[in-house]
>>> print(open('final_12.csv').read())   # CSV, C-alpha atoms and all ligand atoms
chain,number,residue,atom,x,y,z
A,1,MET,CA,-116.7,5.3,266.9
A,2,THR,CA,-116.8,8.5,264.8
A,3,ALA,CA,-116.2,12.1,265.9
A,4,HIS,CA,-119.0,14.6,266.0
A,5,ILE,CA,-119.2,18.3,266.8
A,6,ARG,CA,-121.7,18.2,269.8
A,7,GLN,CA,-121.9,21.9,270.8
A,8,ILE,CA,-120.2,25.2,270.4
A,9,GLU,CA,-120.2,28.1,272.9
A,10,VAL,CA,-118.7,31.6,272.4
A,11,TYR,CA,-117.3,34.2,274.7
A,12,LEU,CA,-116.5,37.8,273.6
A,13,PRO,CA,-114.9,40.2,276.1
A,14,GLU,CA,-117.2,43.1,277.2
A,15,PRO,CA,-115.3,46.2,276.1
A,16,ILE,CA,-116.4,47.2,272.6
A,17,GLU,CA,-114.6,49.3,269.9
A,18,SER,CA,-116.9,50.7,267.3
A,19,ASN,CA,-116.3,52.1,263.8
A,20,GLU,CA,-117.3,55.5,265.2
A,21,GLN,CA,-114.4,55.4,267.7
A,22,LEU,CA,-112.0,54.2,265.1
A,23,SER,CA,-113.1,56.8,262.6
A,24,ARG,CA,-112.6,59.6,265.1
A,25,GLU,CA,-109.0,58.4,265.5
A,26,PHE,CA,-108.5,57.8,261.7
A,27,PRO,CA,-110.6,60.5,260.0
A,28,ASP,CA,-109.6,59.4,256.5
A,29,TRP,CA,-111.6,56.2,257.1
A,30,PRO,CA,-115.2,57.2,257.7
A,31,VAL,CA,-117.6,54.8,259.5
A,32,ALA,CA,-119.3,53.8,256.3
A,33,LYS,CA,-116.1,53.0,254.6
A,34,ILE,CA,-114.8,50.8,257.4
A,35,ALA,CA,-118.1,48.9,257.6
A,36,ALA,CA,-118.3,48.5,253.8
A,37,ARG,CA,-114.7,47.2,253.4
A,38,THR,CA,-114.5,45.0,256.5
A,39,GLY,CA,-118.2,44.1,257.2
A,40,ILE,CA,-117.4,44.8,260.8
A,41,ASP,CA,-119.3,47.3,263.0
A,42,ILE,CA,-117.8,46.5,266.4
A,43,ARG,CA,-115.0,44.4,267.9
A,44,HIS,CA,-114.6,43.2,271.4
A,45,ILE,CA,-111.3,44.1,273.1
A,46,ALA,CA,-109.9,42.3,276.1
A,47,PRO,CA,-108.8,44.8,278.7
A,48,ALA,CA,-105.3,44.7,280.3
A,49,GLY,CA,-105.0,41.6,282.5
A,50,GLN,CA,-107.6,39.6,280.5
A,51,CYS,CA,-105.8,36.9,278.5
A,52,ALA,CA,-106.7,34.3,275.9
A,53,SER,CA,-107.0,31.7,278.7
A,54,ASP,CA,-109.6,33.9,280.5
A,55,LEU,CA,-111.7,34.1,277.3
A,56,ALA,CA,-111.3,30.3,276.6
A,57,VAL,CA,-112.3,29.4,280.2
A,58,ALA,CA,-115.4,31.6,280.0
A,59,ALA,CA,-116.5,29.9,276.8
A,60,ALA,CA,-115.8,26.5,278.2
A,61,GLN,CA,-117.8,27.3,281.4
A,62,GLN,CA,-120.8,28.1,279.2
A,63,LEU,CA,-120.4,24.7,277.6
A,64,PHE,CA,-120.4,22.9,280.9
A,65,ALA,CA,-123.3,25.1,282.3
A,66,SER,CA,-125.4,23.9,279.3
A,67,GLY,CA,-125.2,20.4,280.6
A,68,VAL,CA,-124.0,18.9,277.3
A,69,ALA,CA,-121.0,17.4,279.2
A,70,SER,CA,-119.4,17.6,282.6
A,71,ARG,CA,-115.7,18.5,283.3
A,72,SER,CA,-115.0,14.9,284.3
A,73,ASP,CA,-116.1,13.7,280.8
A,74,ILE,CA,-113.3,15.6,279.1
A,75,ASP,CA,-110.3,13.4,278.3
A,76,PHE,CA,-108.4,15.7,276.0
A,77,LEU,CA,-108.1,19.5,275.9
A,78,LEU,CA,-106.7,21.2,272.7
A,79,PHE,CA,-106.0,24.9,273.0
A,80,CYS,CA,-105.3,26.9,269.8
A,81,THR,CA,-103.8,30.4,270.4
A,82,GLN,CA,-101.2,32.7,269.1
A,83,THR,CA,-101.4,34.9,272.2
A,84,PRO,CA,-100.6,32.5,275.1
A,85,ASP,CA,-100.5,33.6,278.7
A,86,TYR,CA,-96.8,32.7,278.9
A,87,PHE,CA,-94.0,31.3,276.7
A,88,LEU,CA,-94.3,28.3,279.0
A,89,PRO,CA,-96.0,26.5,280.6
A,90,PRO,CA,-98.6,25.6,277.9
A,91,THR,CA,-101.7,27.6,278.5
A,92,ALA,CA,-103.8,24.4,278.1
A,93,CYS,CA,-102.3,23.2,281.4
A,94,LEU,CA,-103.5,26.4,283.2
A,95,ILE,CA,-106.9,26.0,281.7
A,96,GLN,CA,-107.1,22.3,282.7
A,97,ASP,CA,-106.5,23.3,286.3
A,98,ARG,CA,-108.9,26.3,286.3
A,99,LEU,CA,-111.7,24.3,284.7
A,100,GLY,CA,-111.3,21.3,287.0
A,101,ILE,CA,-110.8,18.9,284.1
A,102,PRO,CA,-109.4,15.6,285.4
A,103,THR,CA,-105.6,15.3,285.7
A,104,THR,CA,-105.9,12.1,283.6
A,105,ALA,CA,-106.9,14.2,280.6
A,106,GLY,CA,-104.3,15.2,277.9
A,107,ALA,CA,-103.8,18.9,277.3
A,108,MET,CA,-101.7,20.8,274.7
A,109,ASP,CA,-101.4,24.2,273.0
A,110,TYR,CA,-100.9,24.6,269.3
A,111,ASN,CA,-100.0,27.9,267.5
A,112,LEU,CA,-102.1,28.5,264.4
A,113,GLY,CA,-104.2,31.4,263.2
A,114,SER,CA,-107.1,31.2,260.8
A,115,SER,CA,-106.6,27.5,260.0
A,116,GLY,CA,-106.6,26.6,263.7
A,117,PHE,CA,-110.2,25.4,264.1
A,118,VAL,CA,-110.0,23.0,261.1
A,119,TYR,CA,-106.7,21.6,262.4
A,120,GLY,CA,-108.3,21.2,265.8
A,121,LEU,CA,-111.1,19.2,264.4
A,122,ALA,CA,-108.7,17.0,262.6
A,123,LEU,CA,-106.6,16.4,265.7
A,124,ALA,CA,-109.7,15.8,267.8
A,125,GLN,CA,-111.0,13.3,265.2
A,126,GLY,CA,-107.7,11.5,265.2
A,127,LEU,CA,-107.7,11.2,269.0
A,128,ILE,CA,-111.3,10.0,269.0
A,129,GLU,CA,-111.2,7.6,266.1
A,130,THR,CA,-108.0,5.9,267.3
A,131,GLY,CA,-109.6,5.3,270.7
A,132,SER,CA,-107.3,7.7,272.5
A,133,ALA,CA,-110.1,10.0,273.7
A,134,ARG,CA,-113.8,10.1,273.8
A,135,ASN,CA,-114.6,13.8,274.5
A,136,VAL,CA,-112.2,16.4,273.3
A,137,LEU,CA,-112.6,20.0,274.4
A,138,LEU,CA,-111.3,22.2,271.5
A,139,LEU,CA,-110.7,25.8,272.7
A,140,ALA,CA,-109.7,28.6,270.3
A,141,ALA,CA,-109.0,32.0,271.7
A,142,ASP,CA,-106.8,35.0,270.9
A,143,THR,CA,-106.2,38.6,272.1
A,144,TYR,CA,-104.6,40.1,269.0
A,145,SER,CA,-105.5,43.5,270.3
A,146,LYS,CA,-102.5,43.2,272.7
A,147,LEU,CA,-100.2,42.8,269.7
A,148,ILE,CA,-101.7,45.6,267.6
A,149,HIS,CA,-100.2,49.2,267.7
A,150,PRO,CA,-102.9,51.7,268.6
A,151,ALA,CA,-102.0,53.8,265.5
A,152,ASP,CA,-102.2,50.8,263.0
A,153,LYS,CA,-105.6,51.2,261.4
A,154,SER,CA,-105.0,48.4,258.9
A,155,THR,CA,-105.2,45.8,261.7
A,156,ARG,CA,-107.2,47.6,264.3
A,157,THR,CA,-110.2,47.8,262.0
A,158,ILE,CA,-110.1,44.1,261.3
A,159,PHE,CA,-109.2,42.0,264.3
A,160,GLY,CA,-111.2,41.5,267.5
A,161,ASP,CA,-110.6,39.4,270.6
A,162,GLY,CA,-112.8,36.3,271.3
A,163,ALA,CA,-113.0,32.6,272.1
A,164,ALA,CA,-115.0,29.5,271.2
A,165,ALA,CA,-115.3,26.2,273.0
A,166,THR,CA,-116.3,23.2,270.9
A,167,LEU,CA,-117.1,19.8,272.3
A,168,ILE,CA,-116.2,17.0,269.9
A,169,SER,CA,-117.3,13.5,271.0
A,170,GLY,CA,-117.1,10.0,269.7
A,171,MET,CA,-120.5,8.4,268.9
A,172,GLU,CA,-121.5,5.1,267.5
A,173,SER,CA,-123.4,6.4,264.5
A,174,GLY,CA,-124.1,9.5,262.4
A,175,SER,CA,-122.3,11.4,259.7
A,176,ARG,CA,-118.5,11.8,260.0
A,177,ILE,CA,-116.5,15.0,260.1
A,178,GLY,CA,-114.2,15.2,257.0
A,179,PRO,CA,-112.6,14.7,254.6
A,180,TYR,CA,-109.8,17.2,254.9
A,181,VAL,CA,-107.3,18.7,252.5
A,182,PHE,CA,-104.2,20.2,254.1
A,183,GLY,CA,-101.4,22.3,252.6
A,184,THR,CA,-98.6,24.5,253.9
A,185,ASP,CA,-96.6,27.3,252.2
A,186,GLY,CA,-94.1,28.7,254.6
A,187,SER,CA,-92.8,31.2,252.0
A,188,GLY,CA,-95.5,33.7,253.1
A,189,ALA,CA,-94.3,33.8,256.7
A,190,GLN,CA,-93.4,37.5,256.6
A,191,ASN,CA,-96.9,38.6,255.5
A,192,LEU,CA,-98.6,38.1,258.9
A,193,ILE,CA,-96.0,38.3,261.6
A,194,VAL,CA,-95.0,39.7,265.0
A,195,PRO,CA,-91.3,40.0,264.2
A,196,ALA,CA,-89.9,40.8,267.7
A,197,GLY,CA,-90.4,39.4,271.2
A,198,ALA,CA,-89.5,35.7,270.8
A,199,MET,CA,-86.1,34.0,270.5
A,200,ARG,CA,-85.2,35.1,266.9
A,201,LEU,CA,-85.4,38.8,267.7
A,202,PRO,CA,-85.9,39.4,271.5
A,203,LYS,CA,-87.4,42.7,272.7
A,204,SER,CA,-84.9,45.5,273.0
A,205,PRO,CA,-85.0,49.3,273.0
A,206,GLU,CA,-84.6,49.1,269.2
A,207,THR,CA,-87.6,46.9,268.8
A,208,ALA,CA,-89.8,49.4,270.7
A,209,ILE,CA,-89.2,52.1,268.1
A,210,SER,CA,-92.2,52.8,265.9
A,211,GLN,CA,-92.2,53.6,262.2
A,212,SER,CA,-94.9,54.6,259.8
A,213,ASP,CA,-95.6,52.8,256.6
A,214,SER,CA,-96.6,54.3,253.2
A,215,SER,CA,-100.3,54.2,254.2
A,216,GLY,CA,-99.6,56.0,257.5
A,217,ASN,CA,-100.0,52.8,259.7
A,218,VAL,CA,-97.7,53.1,262.7
A,219,ARG,CA,-96.1,50.0,264.4
A,220,THR,CA,-93.0,48.7,266.0
A,221,PRO,CA,-91.4,45.3,265.3
A,222,GLU,CA,-93.1,44.1,268.6
A,223,ASN,CA,-96.5,44.6,267.0
A,224,LEU,CA,-98.6,42.6,264.5
A,225,PHE,CA,-97.7,43.3,260.9
A,226,MET,CA,-100.1,42.3,258.1
A,227,ASP,CA,-99.5,42.7,254.4
A,228,GLY,CA,-103.2,42.6,253.4
A,229,ALA,CA,-102.6,42.7,249.7
A,230,GLU,CA,-100.2,39.7,249.7
A,231,ILE,CA,-102.6,37.6,251.9
A,232,PHE,CA,-105.4,38.6,249.7
A,233,ALA,CA,-103.6,37.4,246.5
A,234,PHE,CA,-102.4,34.2,248.2
A,235,THR,CA,-105.9,33.4,249.4
A,236,LEU,CA,-107.6,33.9,246.1
A,237,ALA,CA,-104.9,31.8,244.3
A,238,SER,CA,-105.2,28.9,246.8
A,239,VAL,CA,-108.6,28.6,248.4
A,240,PRO,CA,-110.9,28.0,245.4
A,241,LYS,CA,-108.6,25.1,244.3
A,242,LEU,CA,-108.8,23.7,247.9
A,243,VAL,CA,-112.6,23.9,247.9
A,244,ASN,CA,-112.7,21.9,244.7
A,245,GLU,CA,-110.2,19.4,246.0
A,246,VAL,CA,-112.1,18.8,249.3
A,247,LEU,CA,-115.4,18.5,247.4
A,248,ALA,CA,-113.9,16.0,245.0
A,249,ARG,CA,-112.5,14.0,248.0
A,250,ALA,CA,-116.0,14.0,249.6
A,251,GLY,CA,-117.6,13.0,246.3
A,252,LYS,CA,-119.8,16.1,246.4
A,253,THR,CA,-120.4,19.1,244.2
A,254,LYS,CA,-120.9,22.8,245.3
A,255,GLU,CA,-124.6,22.3,244.8
A,256,ASP,CA,-124.7,19.6,247.5
A,257,VAL,CA,-123.4,22.0,250.1
A,258,GLY,CA,-126.0,23.6,252.4
A,259,LEU,CA,-123.7,26.3,253.9
A,260,PHE,CA,-120.1,27.3,253.2
A,261,VAL,CA,-118.5,28.6,256.4
A,262,PHE,CA,-115.0,29.9,255.7
A,263,HIS,CA,-112.6,31.6,258.1
A,264,GLN,CA,-114.0,35.1,258.5
A,265,PRO,CA,-111.1,37.6,257.8
A,266,ASN,CA,-113.2,40.5,256.5
A,267,ARG,CA,-116.1,41.1,254.2
A,268,TYR,CA,-114.0,42.2,251.2
A,269,MET,CA,-111.9,39.0,251.3
A,270,LEU,CA,-114.9,36.7,251.8
A,271,GLU,CA,-117.0,38.4,249.0
A,272,SER,CA,-114.0,38.0,246.6
A,273,ILE,CA,-113.8,34.2,247.4
A,274,ARG,CA,-117.6,33.9,247.1
A,275,LYS,CA,-117.7,35.5,243.7
A,276,GLN,CA,-114.7,33.6,242.4
A,277,LEU,CA,-116.4,30.3,243.5
A,278,LYS,CA,-119.8,31.4,242.2
A,279,ILE,CA,-121.6,30.6,245.5
A,280,ASP,CA,-124.9,32.4,246.1
A,281,PRO,CA,-125.0,34.6,249.2
A,282,GLU,CA,-127.7,32.5,250.9
A,283,ARG,CA,-125.3,29.6,251.2
A,284,PHE,CA,-122.3,31.6,252.3
A,285,ALA,CA,-121.8,32.6,255.9
A,286,ILE,CA,-120.5,36.1,256.8
A,287,TYR,CA,-120.7,36.8,260.5
A,288,LEU,CA,-118.4,39.6,261.3
A,289,GLU,CA,-120.5,42.6,262.3
A,290,ASP,CA,-120.4,42.2,266.0
A,291,CYS,CA,-116.9,40.6,266.6
A,292,GLY,CA,-114.6,41.2,263.6
A,293,ASN,CA,-111.8,38.7,262.7
A,294,THR,CA,-111.3,36.6,265.9
A,295,VAL,CA,-108.5,34.5,264.3
A,296,SER,CA,-109.0,30.7,265.0
A,297,ALA,CA,-112.4,31.4,266.7
A,298,THR,CA,-114.1,32.8,263.6
A,299,ILE,CA,-115.4,29.5,262.2
A,300,PRO,CA,-117.0,28.2,265.4
A,301,ILE,CA,-118.4,31.7,266.0
A,302,ALA,CA,-119.9,31.7,262.5
A,303,LEU,CA,-121.3,28.2,263.0
A,304,LYS,CA,-122.9,29.2,266.3
A,305,ARG,CA,-124.3,32.4,264.8
A,306,ALA,CA,-125.8,30.5,261.9
A,307,GLN,CA,-127.7,28.2,264.2
A,308,GLU,CA,-129.1,31.0,266.5
A,309,PRO,CA,-132.6,32.1,265.7
A,310,GLN,CA,-131.8,35.8,266.1
A,311,THR,CA,-128.7,35.8,263.9
A,312,GLY,CA,-129.1,32.7,261.8
A,313,ASN,CA,-130.2,33.1,258.2
A,314,PRO,CA,-133.6,31.3,258.1
A,315,ARG,CA,-132.7,30.1,254.6
A,316,VAL,CA,-129.6,28.3,255.9
A,317,ALA,CA,-131.1,27.1,259.2
A,318,GLY,CA,-131.0,23.3,259.2
A,319,ARG,CA,-128.4,23.2,256.5
A,320,LEU,CA,-125.4,23.0,258.8
A,321,ARG,CA,-125.4,19.2,258.9
A,322,ARG,CA,-124.2,19.2,255.3
A,323,GLY,CA,-121.9,22.3,255.5
A,324,VAL,CA,-118.4,22.8,254.4
A,325,PHE,CA,-116.1,24.5,256.8
A,326,LEU,CA,-112.8,25.9,255.7
A,327,GLY,CA,-109.8,27.6,257.4
A,328,ARG,CA,-106.7,29.0,255.8
A,329,ASN,CA,-103.8,31.2,256.6
A,330,ALA,CA,-100.7,32.5,254.9
A,331,ARG,CA,-98.5,29.7,255.9
A,332,GLY,CA,-100.8,26.7,256.0
A,333,MET,CA,-104.3,25.6,255.1
A,334,GLY,CA,-106.8,23.2,256.2
A,335,CYS,CA,-110.1,22.4,254.6
A,336,LEU,CA,-112.9,20.2,255.8
A,337,ALA,CA,-116.1,19.1,254.3
A,338,GLY,CA,-118.8,17.8,256.5
A,339,PRO,CA,-121.1,16.0,254.0
A,401,LIG,C1,-107.1,44.3,254.2
A,401,LIG,C2,-107.8,44.5,252.8
A,401,LIG,C3,-109.3,44.5,253.1
A,401,LIG,C4,-107.4,45.8,252.3
A,401,LIG,O1,-107.9,45.9,251.0
A,401,LIG,P1,-107.0,46.3,249.8
A,401,LIG,O2,-107.8,46.6,248.5
A,401,LIG,O3,-105.8,45.4,249.7
A,401,LIG,O4,-106.4,47.7,250.4
A,401,LIG,P2,-105.8,48.9,249.7
A,401,LIG,O5,-104.7,49.4,250.7
A,401,LIG,O6,-105.4,48.7,248.3
A,401,LIG,O7,-107.0,50.0,249.7
A,401,LIG,C5,-108.1,49.9,248.8
A,401,LIG,C6,-109.1,50.8,249.4
A,401,LIG,O8,-109.7,50.2,250.6
A,401,LIG,C7,-109.5,51.0,251.7
A,401,LIG,N1,-109.3,50.2,252.9
A,401,LIG,C8,-108.3,49.3,253.0
A,401,LIG,N2,-108.5,48.7,254.2
A,401,LIG,C9,-109.5,49.2,254.8
A,401,LIG,C10,-110.2,49.0,256.1
A,401,LIG,N3,-109.7,48.1,256.9
A,401,LIG,N4,-111.2,49.8,256.4
A,401,LIG,C11,-111.7,50.7,255.5
A,401,LIG,N5,-111.2,50.9,254.3
A,401,LIG,C12,-110.1,50.2,253.9
A,401,LIG,C13,-108.4,51.9,251.4
A,401,LIG,O9,-108.5,53.2,252.1
A,401,LIG,C14,-108.6,52.1,249.9
A,401,LIG,O10,-109.6,53.1,249.7
A,401,LIG,P3,-109.6,54.1,248.4
A,401,LIG,O11,-109.8,53.2,247.2
A,401,LIG,O12,-110.8,55.0,248.7
A,401,LIG,O13,-108.3,54.8,248.4
A,401,LIG,C15,-107.4,43.3,251.8
A,401,LIG,O14,-106.1,43.4,251.5
A,401,LIG,C16,-107.7,42.0,252.4
A,401,LIG,O15,-108.8,41.6,252.7
A,401,LIG,N6,-106.5,41.2,252.7
A,401,LIG,C17,-106.6,40.0,253.4
A,401,LIG,C18,-106.3,40.3,254.8
A,401,LIG,C19,-106.6,39.1,255.7
A,401,LIG,O16,-107.3,38.2,255.3
A,401,LIG,N7,-106.2,39.3,256.9
A,401,LIG,C20,-106.5,38.4,257.9
A,401,LIG,C21,-105.6,37.2,258.0
A,401,LIG,S1,-106.3,36.1,259.2
>>> encode(input="final_12.csv", output="structure tokens")
Amino acid sequence: MTAHIRQIEVYLPEPIESNEQLSREFPDWPVAKIAARTGIDIRHIAPAGQCASDLAVAAAQQLFASGVASRSDIDFLLFCTQTPDYFLPPTACLIQDRLGIPTTAGAMDYNLGSSGFVYGLALAQGLIETGSARNVLLLAADTYSKLIHPADKSTRTIFGDGAAATLISGMESGSRIGPYVFGTDGSGAQNLIVPAGAMRLPKSPETAISQSDSSGNVRTPENLFMDGAEIFAFTLASVPKLVNEVLARAGKTKEDVGLFVFHQPNRYMLESIRKQLKIDPERFAIYLEDCGNTVSATIPIALKRAQEPQTGNPRVAGRLRRGVFLGRNARGMGCLAGP
């Protein structure tokens, strides 16, 4: 029995934030500059009261409505988020109940950012190929907008809210997912962090005080902080090596790969990786315009977009079966080749 990605469905919340709106608030960043740097035209922003679980449930409902599987087929639910509904219980348990997934199914949350989808595939594959599950529902959803200070243009321009539901099933034949290369470097933890609000630094009147950084971005310790330059340097130093390692492990070369689908942080970062690896644009997925960086949902969203006739690149259509999918973040990395 080998694990296969059967289907992906995506849900983006309705409210939209455009570059025009952002540029009115941050006049030193004109519309064209934001679009050129980030590759993003609009982001979807979950309104107050709409949480990651709501986005994930909506994506999963589309999956079930398509008929690819029924709720009773699911025997494990994995939920990747960094913006859970509560500290506890695990949001996966709430989702199990709302979706009507059998109480005999396993369900768990895990907290990862951009590497989350690749980790989820590896976990799902492990469950399936050890005979512990047959159909794994992998949900990735985040509402980073709720962590971002309204006056922090560095993060507001990049991140959007969204969810993806992926069905991974065991099948008797066909190509396998993998291999993977994993790595972790916790020394970069301070470069993408919400410092206050959990146990180390609980919320207090002091943590609600905002400060402006040297670029004029305003935030409190309760908000998301991103050191873009540090993450950029780390990524360029790490990802190309990982790509070569995963290709070597798969016994493939770059030329064998139909489509490279990396985590989608922003166009500038992606183009820098693409140029360093010398991959031509036709074999390199960039799907950010209508959703921005949706954290662990970016890879499944990009895979879905690449397959759709209206958004897919005709030159890459049909190449997905031999794609390479890669996720990374400042603390850990996961890479996967699907040869
Ligand atoms: C965020 C990032 C795009 C900023 O680029 P940078 O070159 O490091 O940014 P700098 O502050 O040095 O600014 C360089 C120029 O880009 C502009 N710029 C930076 N961020 C921008 C944004 N989001 N929109 C528009 N312009 C931006 C600056 O205004 C500056 O313009 P200037 O040359 O006209 O003065 C880049 O650091 C990056 O991609 N980092 C990785 C971040 C990431 O992956 N985050 C997600 C983790 S999941």
>>> residues_around(input="final_12.csv", residues="range 23-30 of chain A", least_positions_apart="3", cutoff="12 Å", atoms="only C-alpha atoms", output="compact mmCIF listing (two decimals) with C-alpha atoms, keeping the file's coordinate frame")
# COMPACT_ATOMS: atom_id res chain seq x y z
CA GLU A 17 -114.60 49.30 269.90
CA SER A 18 -116.90 50.70 267.30
CA ASN A 19 -116.30 52.10 263.80
CA GLU A 20 -117.30 55.50 265.20
CA LYS A 33 -116.10 53.00 254.60
CA ILE A 34 -114.80 50.80 257.40
CA ALA A 35 -118.10 48.90 257.60
CA ALA A 36 -118.30 48.50 253.80
CA ARG A 37 -114.70 47.20 253.40
CA THR A 38 -114.50 45.00 256.50
CA ASP A 41 -119.30 47.30 263.00
CA ILE A 42 -117.80 46.50 266.40
CA PRO A 150 -102.90 51.70 268.60
CA ALA A 151 -102.00 53.80 265.50
CA ASP A 152 -102.20 50.80 263.00
CA LYS A 153 -105.60 51.20 261.40
CA SER A 154 -105.00 48.40 258.90
CA ARG A 156 -107.20 47.60 264.30
CA THR A 157 -110.20 47.80 262.00
CA SER A 215 -100.30 54.20 254.20
CA GLY A 216 -99.60 56.00 257.50
CA ASN A 217 -100.00 52.80 259.70
CA VAL A 218 -97.70 53.10 262.70
>>> residues_near_point(input="final_12.csv", point="(-122.3, 6.4, 269.5)", cutoff="10 Å", atoms="only C-alpha atoms", output="PDB file with C-alpha atoms, in the frame of the given file")
ATOM      1  CA  MET A   1    -116.700   5.300 266.900  1.00  0.00           C
ATOM      2  CA  THR A   2    -116.800   8.500 264.800  1.00  0.00           C
ATOM      3  CA  ALA A   3    -116.200  12.100 265.900  1.00  0.00           C
ATOM      4  CA  HIS A   4    -119.000  14.600 266.000  1.00  0.00           C
ATOM      5  CA  SER A 169    -117.300  13.500 271.000  1.00  0.00           C
ATOM      6  CA  GLY A 170    -117.100  10.000 269.700  1.00  0.00           C
ATOM      7  CA  MET A 171    -120.500   8.400 268.900  1.00  0.00           C
ATOM      8  CA  GLU A 172    -121.500   5.100 267.500  1.00  0.00           C
ATOM      9  CA  SER A 173    -123.400   6.400 264.500  1.00  0.00           C
ATOM     10  CA  GLY A 174    -124.100   9.500 262.400  1.00  0.00           C
TER      11      GLY A 174
END
>>> residues_around(input="final_12.csv", residues="range 219-223 of chain A", least_positions_apart="3", cutoff="9 Å", atoms="only C-alpha atoms", output="number ranges by chain")
A: 146-152, 193-197, 203, 206-213
>>> closest_residue(input="final_12.csv", among="A:Tyr180, A:Phe117, A:Phe284, A:Phe159", to="ligand LIG 401 (chain A)", atoms="all atoms listed in the file")
A:Phe159
>>> atom_distance(input="final_12.csv", atom1="CA of Met108 in chain A", atom2="CA of Phe79 in chain A")
6.2 Å
>>> decode(input="final_12.csv", residues="range 59-106 of chain A", atoms="C-alpha atoms", output="short mmCIF file (atom, residue, chain, number, x, y, z; two decimals), in the first residue's frame")
data_model
loop_
_atom_site.label_atom_id
_atom_site.label_comp_id
_atom_site.auth_asym_id
_atom_site.auth_seq_id
_atom_site.Cartn_x
_atom_site.Cartn_y
_atom_site.Cartn_z
CA ALA A 59 -12.12 23.54 2.24
CA ALA A 60 -12.89 20.02 3.52
CA GLN A 61 -16.59 20.40 2.70
CA GLN A 62 -15.64 21.11 -0.93
CA LEU A 63 -13.57 17.95 -0.93
CA PHE A 64 -16.50 15.84 0.30
CA ALA A 65 -18.95 17.61 -2.04
CA SER A 66 -16.77 16.57 -4.99
CA GLY A 67 -17.50 12.92 -4.16
CA VAL A 68 -13.83 11.87 -4.01
CA ALA A 69 -14.42 10.48 -0.51
CA SER A 70 -17.08 10.57 2.15
CA ARG A 71 -16.68 11.66 5.75
CA SER A 72 -16.90 8.05 6.92
CA ASP A 73 -13.86 7.14 4.78
CA ILE A 74 -11.52 9.39 6.80
CA ASP A 75 -9.56 7.54 9.44
CA PHE A 76 -7.04 10.27 10.34
CA LEU A 77 -7.27 14.07 10.39
CA LEU A 78 -4.10 16.17 10.52
CA PHE A 79 -4.52 19.89 11.08
CA CYS A 80 -1.58 22.23 10.52
CA THR A 81 -2.03 25.72 11.94
CA GLN A 82 -0.22 28.41 13.90
CA THR A 83 -3.46 30.24 14.65
CA PRO A 84 -5.59 27.64 16.47
CA ASP A 85 -9.07 28.47 17.75
CA TYR A 86 -7.98 27.80 21.36
CA PHE A 87 -4.81 26.91 23.30
CA LEU A 88 -6.74 23.73 23.97
CA PRO A 89 -8.52 21.56 22.97
CA PRO A 90 -6.79 20.74 19.70
CA THR A 91 -8.65 22.41 16.84
CA ALA A 92 -8.57 19.09 14.95
CA CYS A 93 -11.04 17.68 17.50
CA LEU A 94 -13.47 20.55 16.86
CA ILE A 95 -13.10 20.01 13.12
CA GLN A 96 -13.74 16.26 13.45
CA ASP A 97 -17.03 16.99 15.17
CA ARG A 98 -18.12 19.74 12.76
CA LEU A 99 -17.33 17.68 9.69
CA GLY A 100 -18.96 14.51 11.04
CA ILE A 101 -15.77 12.48 10.66
CA PRO A 102 -16.14 9.17 12.55
CA THR A 103 -15.15 9.18 16.22
CA THR A 104 -12.96 6.17 15.39
CA ALA A 105 -10.64 8.48 13.38
CA GLY A 106 -7.43 9.88 14.84
#
